[in-house]
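So this one's work_18.csv, CSV, C-alpha atoms:
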chain,number,residue,atom,x,y,z
M,23,MET,CA,0.0,0.0,0.0
M,24,PHE,CA,2.9,2.4,0.5
M,25,ASP,CA,5.1,1.5,-2.4
M,26,LEU,CA,6.7,4.2,-4.6
M,27,LYS,CA,5.0,4.4,-8.0
M,28,THR,CA,8.1,5.3,-10.0
M,29,PRO,CA,11.7,4.3,-9.5
M,30,THR,CA,14.5,6.7,-9.4
M,31,ASP,CA,16.0,7.3,-12.9
M,32,ASP,CA,19.3,5.4,-13.3
M,33,ARG,CA,21.0,8.6,-14.2
M,34,TRP,CA,20.5,10.0,-10.7
M,35,ILE,CA,23.2,7.9,-9.2
M,36,ASP,CA,25.6,9.1,-11.9
M,37,ALA,CA,24.9,12.7,-10.9
M,38,VAL,CA,25.5,11.8,-7.2
M,39,LEU,CA,28.8,10.0,-7.9
M,40,ALA,CA,30.0,12.8,-10.2
M,41,ASP,CA,29.7,15.3,-7.3
M,42,PHE,CA,29.6,13.3,-4.1
M,43,ASP,CA,30.8,16.2,-1.9
M,44,THR,CA,27.7,18.2,-2.9
M,45,PHE,CA,25.6,15.2,-2.2
M,46,LEU,CA,27.0,14.8,1.3
M,47,ILE,CA,26.3,18.5,2.1
M,48,ASP,CA,22.7,18.0,0.9
M,49,HIS,CA,22.4,14.8,2.8
M,50,ALA,CA,23.5,16.6,6.0
M,51,ALA,CA,20.8,19.2,5.4
M,52,CYS,CA,18.2,16.6,4.8
M,53,GLU,CA,18.9,14.8,8.1
M,54,ARG,CA,18.9,18.1,10.0
M,55,LYS,CA,15.5,19.0,8.4
M,56,ALA,CA,14.1,15.6,9.1
M,57,SER,CA,15.0,16.0,12.8
M,58,ALA,CA,13.1,19.3,12.8
M,59,THR,CA,10.2,17.7,11.1
M,60,GLY,CA,9.9,15.1,13.9
M,61,MET,CA,9.9,17.9,16.5
M,62,SER,CA,7.3,19.9,14.5
M,63,PHE,CA,4.8,17.1,15.0
M,64,VAL,CA,5.5,17.2,18.7
M,65,VAL,CA,5.0,21.0,18.9
M,66,ARG,CA,1.9,21.0,16.7
M,67,TYR,CA,0.1,18.0,18.1
M,68,PRO,CA,1.0,17.7,21.8
M,69,ASP,CA,-2.5,16.3,22.5
M,70,ARG,CA,-1.8,13.3,20.2
M,71,ARG,CA,0.1,11.4,22.9
M,72,GLU,CA,0.7,8.3,20.8
M,73,LEU,CA,2.9,10.1,18.4
M,74,LEU,CA,5.0,12.0,20.9
M,75,ASP,CA,7.4,9.3,22.1
M,76,PRO,CA,8.0,7.8,18.6
M,77,LEU,CA,8.5,11.2,16.9
M,78,ILE,CA,10.8,12.4,19.7
M,79,GLU,CA,12.9,9.2,19.1
M,80,PHE,CA,12.6,9.8,15.3
M,81,ALA,CA,13.9,13.4,15.8
M,82,ARG,CA,16.8,12.2,17.9
M,83,GLU,CA,17.8,9.4,15.4
M,84,GLU,CA,17.7,11.9,12.5
M,85,LEU,CA,19.8,14.3,14.6
M,86,GLU,CA,22.3,11.5,15.1
M,87,HIS,CA,22.3,10.8,11.4
M,88,PHE,CA,23.0,14.5,10.8
M,89,HIS,CA,25.9,14.3,13.2
M,90,ARG,CA,27.3,11.2,11.4
M,91,VAL,CA,27.0,12.9,8.0
M,92,TYR,CA,28.5,16.1,9.4
M,93,ARG,CA,31.5,14.0,10.5
M,94,LEU,CA,31.9,12.7,6.9
M,95,CYS,CA,31.8,16.2,5.6
M,96,ALA,CA,34.3,17.4,8.2
M,97,GLU,CA,36.7,14.5,7.2
M,98,ARG,CA,36.5,15.9,3.6
M,99,ASP,CA,37.0,19.5,4.8
M,100,LEU,CA,33.5,20.4,3.5
M,101,THR,CA,31.5,23.3,4.8
M,102,LEU,CA,27.8,22.8,5.5
M,103,ALA,CA,25.4,25.1,3.6
M,104,GLY,CA,22.5,27.1,4.9
M,105,ASP,CA,19.0,25.7,4.5
M,106,ASP,CA,17.6,25.9,1.0
M,107,LYS,CA,14.1,24.8,0.1
M,108,ASP,CA,14.1,21.3,-1.2
M,109,PRO,CA,12.1,21.4,-4.4
M,110,TYR,CA,10.9,17.8,-4.0
M,111,VAL,CA,9.7,18.2,-0.4
M,112,SER,CA,8.3,21.6,-1.2
M,113,ALA,CA,6.3,20.2,-4.1
M,114,LEU,CA,5.0,17.3,-1.9
M,115,LEU,CA,4.1,19.7,0.9
M,116,SER,CA,2.0,21.8,-1.5
M,117,SER,CA,-0.4,18.8,-1.6
M,118,VAL,CA,-1.0,18.9,2.1
M,119,ARG,CA,-4.6,19.8,2.9
M,120,THR,CA,-5.8,22.3,5.5
M,121,GLY,CA,-7.8,21.4,8.6
M,122,ARG,CA,-6.3,19.8,11.7
M,123,ASP,CA,-7.1,16.2,10.9
M,124,HIS,CA,-6.5,16.4,7.1
M,125,ARG,CA,-3.2,18.2,7.7
M,126,LEU,CA,-2.1,15.6,10.3
M,127,LEU,CA,-2.9,12.7,8.0
M,128,ASP,CA,-1.2,14.3,5.0
M,129,ARG,CA,1.9,15.4,6.9
M,130,LEU,CA,2.3,11.8,8.3
M,131,LEU,CA,1.9,10.4,4.8
M,132,VAL,CA,4.2,12.9,3.1
M,133,SER,CA,6.8,12.2,5.8
M,134,GLY,CA,6.5,8.5,5.1
M,135,ILE,CA,6.8,9.0,1.4
M,136,VAL,CA,9.9,11.1,1.8
M,137,GLU,CA,11.4,8.4,4.0
M,138,ALA,CA,10.5,5.8,1.4
M,139,ARG,CA,12.2,7.7,-1.4
M,140,GLY,CA,15.2,8.2,0.9
M,141,CYS,CA,15.3,4.5,1.6
M,142,GLU,CA,15.4,3.7,-2.1
M,143,ARG,CA,18.0,6.3,-2.9
M,144,PHE,CA,20.3,5.6,0.0
M,145,GLY,CA,20.2,1.9,-1.1
M,146,LEU,CA,21.3,3.0,-4.6
M,147,VAL,CA,24.2,5.0,-3.1
M,148,ALA,CA,25.2,2.0,-0.9
M,149,ASP,CA,25.3,-0.2,-4.0
M,150,ALA,CA,27.3,2.3,-6.1
M,151,VAL,CA,30.0,3.7,-3.9
M,152,GLY,CA,33.3,2.0,-3.9
M,153,ASP,CA,34.3,2.7,-0.3
M,154,ARG,CA,33.3,-0.1,2.0
M,155,GLU,CA,32.7,2.2,5.0
M,156,LEU,CA,30.4,4.3,2.9
M,157,GLN,CA,28.6,1.2,1.7
M,158,TRP,CA,28.0,0.1,5.2
M,159,PHE,CA,27.0,3.6,6.3
M,160,TYR,CA,24.4,4.0,3.5
M,161,ARG,CA,23.0,0.6,4.0
M,162,ASP,CA,22.5,1.4,7.6
M,163,ILE,CA,20.8,4.8,6.7
M,164,ALA,CA,18.6,3.0,4.2
M,165,ARG,CA,17.4,0.5,6.9
M,166,SER,CA,16.6,3.5,9.2
M,167,GLU,CA,14.6,5.2,6.4
M,168,ALA,CA,12.6,1.9,5.9
M,169,ARG,CA,11.8,1.9,9.6
M,170,HIS,CA,10.8,5.5,9.5
M,171,ARG,CA,8.5,4.9,6.6
M,172,GLY,CA,6.8,2.2,8.6
M,173,LEU,CA,6.6,4.5,11.6
M,174,PHE,CA,4.7,7.2,9.8
M,175,LEU,CA,2.4,4.7,8.2
M,176,ARG,CA,1.6,3.1,11.5
M,177,LEU,CA,0.9,6.5,13.1
M,178,ALA,CA,-1.4,7.4,10.2
M,179,ARG,CA,-3.3,4.1,10.6
M,180,PHE,CA,-3.6,4.6,14.3
M,181,TYR,CA,-5.3,8.0,14.0
M,182,PHE,CA,-7.2,7.3,10.7
M,183,GLY,CA,-8.8,4.1,9.3
M,184,ASP,CA,-7.0,1.8,6.9
M,185,ALA,CA,-9.3,2.8,4.0
M,186,GLU,CA,-8.8,6.5,4.5
M,187,VAL,CA,-5.0,6.1,4.8
M,188,ALA,CA,-4.8,3.8,1.7
M,189,ALA,CA,-6.9,6.2,-0.4
M,190,ARG,CA,-5.0,9.3,0.6
M,191,ALA,CA,-1.6,7.6,0.4
M,192,ASP,CA,-2.4,6.5,-3.2
M,193,GLN,CA,-3.2,10.1,-4.2
M,194,LEU,CA,0.0,11.4,-2.6
M,195,LEU,CA,2.1,8.6,-4.1
M,196,GLU,CA,0.8,9.5,-7.5
M,197,ARG,CA,1.7,13.1,-6.9
M,198,GLU,CA,5.2,12.1,-5.7
M,199,ALA,CA,5.8,10.0,-8.8
M,200,GLU,CA,4.9,13.1,-11.0
M,201,ILE,CA,7.2,15.3,-9.0
M,202,VAL,CA,10.1,12.8,-9.3
M,203,ARG,CA,9.6,12.4,-13.0
M,204,ASN,CA,9.7,16.2,-13.5
M,205,LEU,CA,12.5,17.3,-11.2
M,206,PRO,CA,16.0,17.7,-12.8
M,207,LEU,CA,18.6,15.2,-11.7
M,208,ARG,CA,21.2,16.6,-9.4
M,209,ALA,CA,23.7,15.6,-6.7
M,210,ALA,CA,21.2,15.8,-4.0
M,211,LEU,CA,19.0,13.3,-2.2
M,212,HIS,CA,15.9,14.7,-3.8
Using structure tokens, write down the structure that the file contains.
Amino acid sequence: MFDLKTPTDDRWIDAVLADFDTFLIDHAACERKASATGMSFVVRYPDRRELLDPLIEFAREELEHFHRVYRLCAERDLTLAGDDKDPYVSALLSSVRTGRDHRLLDRLLVSGIVEARGCERFGLVADAVGDRELQWFYRDIARSEARHRGLFLRLARFYFGDAEVAARADQLLEREAEIVRNLPLRAALH
């Protein structure tokens, strides 16, 4: 029910490998933003107790991922960049509906979709990089993204029925596929 509807273009990994330093800087920014996203749920929905503990843990894990990627950047003497809008995430977020419950459902599903795409792409990086430590690192990150995708889907199902979640997820996954097909390929996660 929560499978991506289009695979990443094979040329994406070529763009990443051609400018891996830029990819690392973008990866760090994505992990930092993911941590903030987890905390934004906590701040916005403090009355939804069932999501507080898991999303605090999610935020902490994403912050740890940021720290790990930062260390890789530091080893390469790379300087982190300020936050730029991610065109992929921005386009997905433009599909989020208004209204407290609709917004919660859509934000949970969009977060899960972003994690699903991250899982796919980090797996591609793990398979393509020649360095064994980076292979291990990106396989570990891909496994985390898979868990996170499941977390957001479970939370959506907890608060909303399976039928509502499935119907809305299908709409958002169709939109995500359109976004992925239309974005230019670059040395960035999205």
Straight-line distance linking CA of Tyr181 in chain M with CA of Ala113 in chain M, stated in Å to one decimal: 24.7 Å
Name the residues, using the chain letters and numbers of the file, that sit within 12 Å of (-7.0, 14.1, 8.7) when counting only C-alpha atoms, and give them as a list in words.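 Output: Val118, Arg119, Thr120, Gly121, Arg122, Asp123, His124, Arg125, Leu126, Leu127, Asp128, Arg129, Leu130, Leu131, Leu177, Ala178, Arg179, Phe180, Tyr181, Phe182, Gly183, Glu186, Val187, Arg190 and Ala191 of chain M.
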In Å to one decimal, how far is CA of Val151 in chain M from CA of Ala37 in chain M?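 Atom-to-atom, CA of Ala37 in chain M to CA of Val151 in chain M, that is 12.5 Å.
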Please, what distance in Å, to one decimal, runs between CA of Lys107 in chain M and CA of Asp69 in chain M? 29.1 Å
Spatial neighbours of Arg33 in chain M, max dist 10 Å, only C-alpha atoms, sep filter under 5 positions, as a JSON list (two decimals) with C-alpha atoms, keeping the file's coordinate frame:
[["chain", "number", "residue", "atom", "x", "y", "z"],
["M", 38, "VAL", "CA", 25.50, 11.80, -7.20],
["M", 207, "LEU", "CA", 18.60, 15.20, -11.70],
["M", 208, "ARG", "CA", 21.20, 16.60, -9.40]]
Pick out the closest residue to Glu167 in chain M from this set: M:Val64, M:Ala150, M:Ala199, M:Ala56. Count all atoms listed in the file.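 Nearest to Glu167 in chain M: M:Ala56.
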Give me the residues near Leu94 in chain M as a ChimeraX atom specification, where near means some atom within 10 Å (using all atoms listed in the file) and where sequence neighbours in that chain fewer than 6 positions away do not count. /M:43,46-47,50,88,100,156
Pick out the closest residue to Asp106 in chain M from this set: M:Asp162, M:Asp25, M:Asp36, M:Asp48. Count all atoms listed in the file.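 Answer, going by the shortest atom-to-atom distance: M:Asp48.
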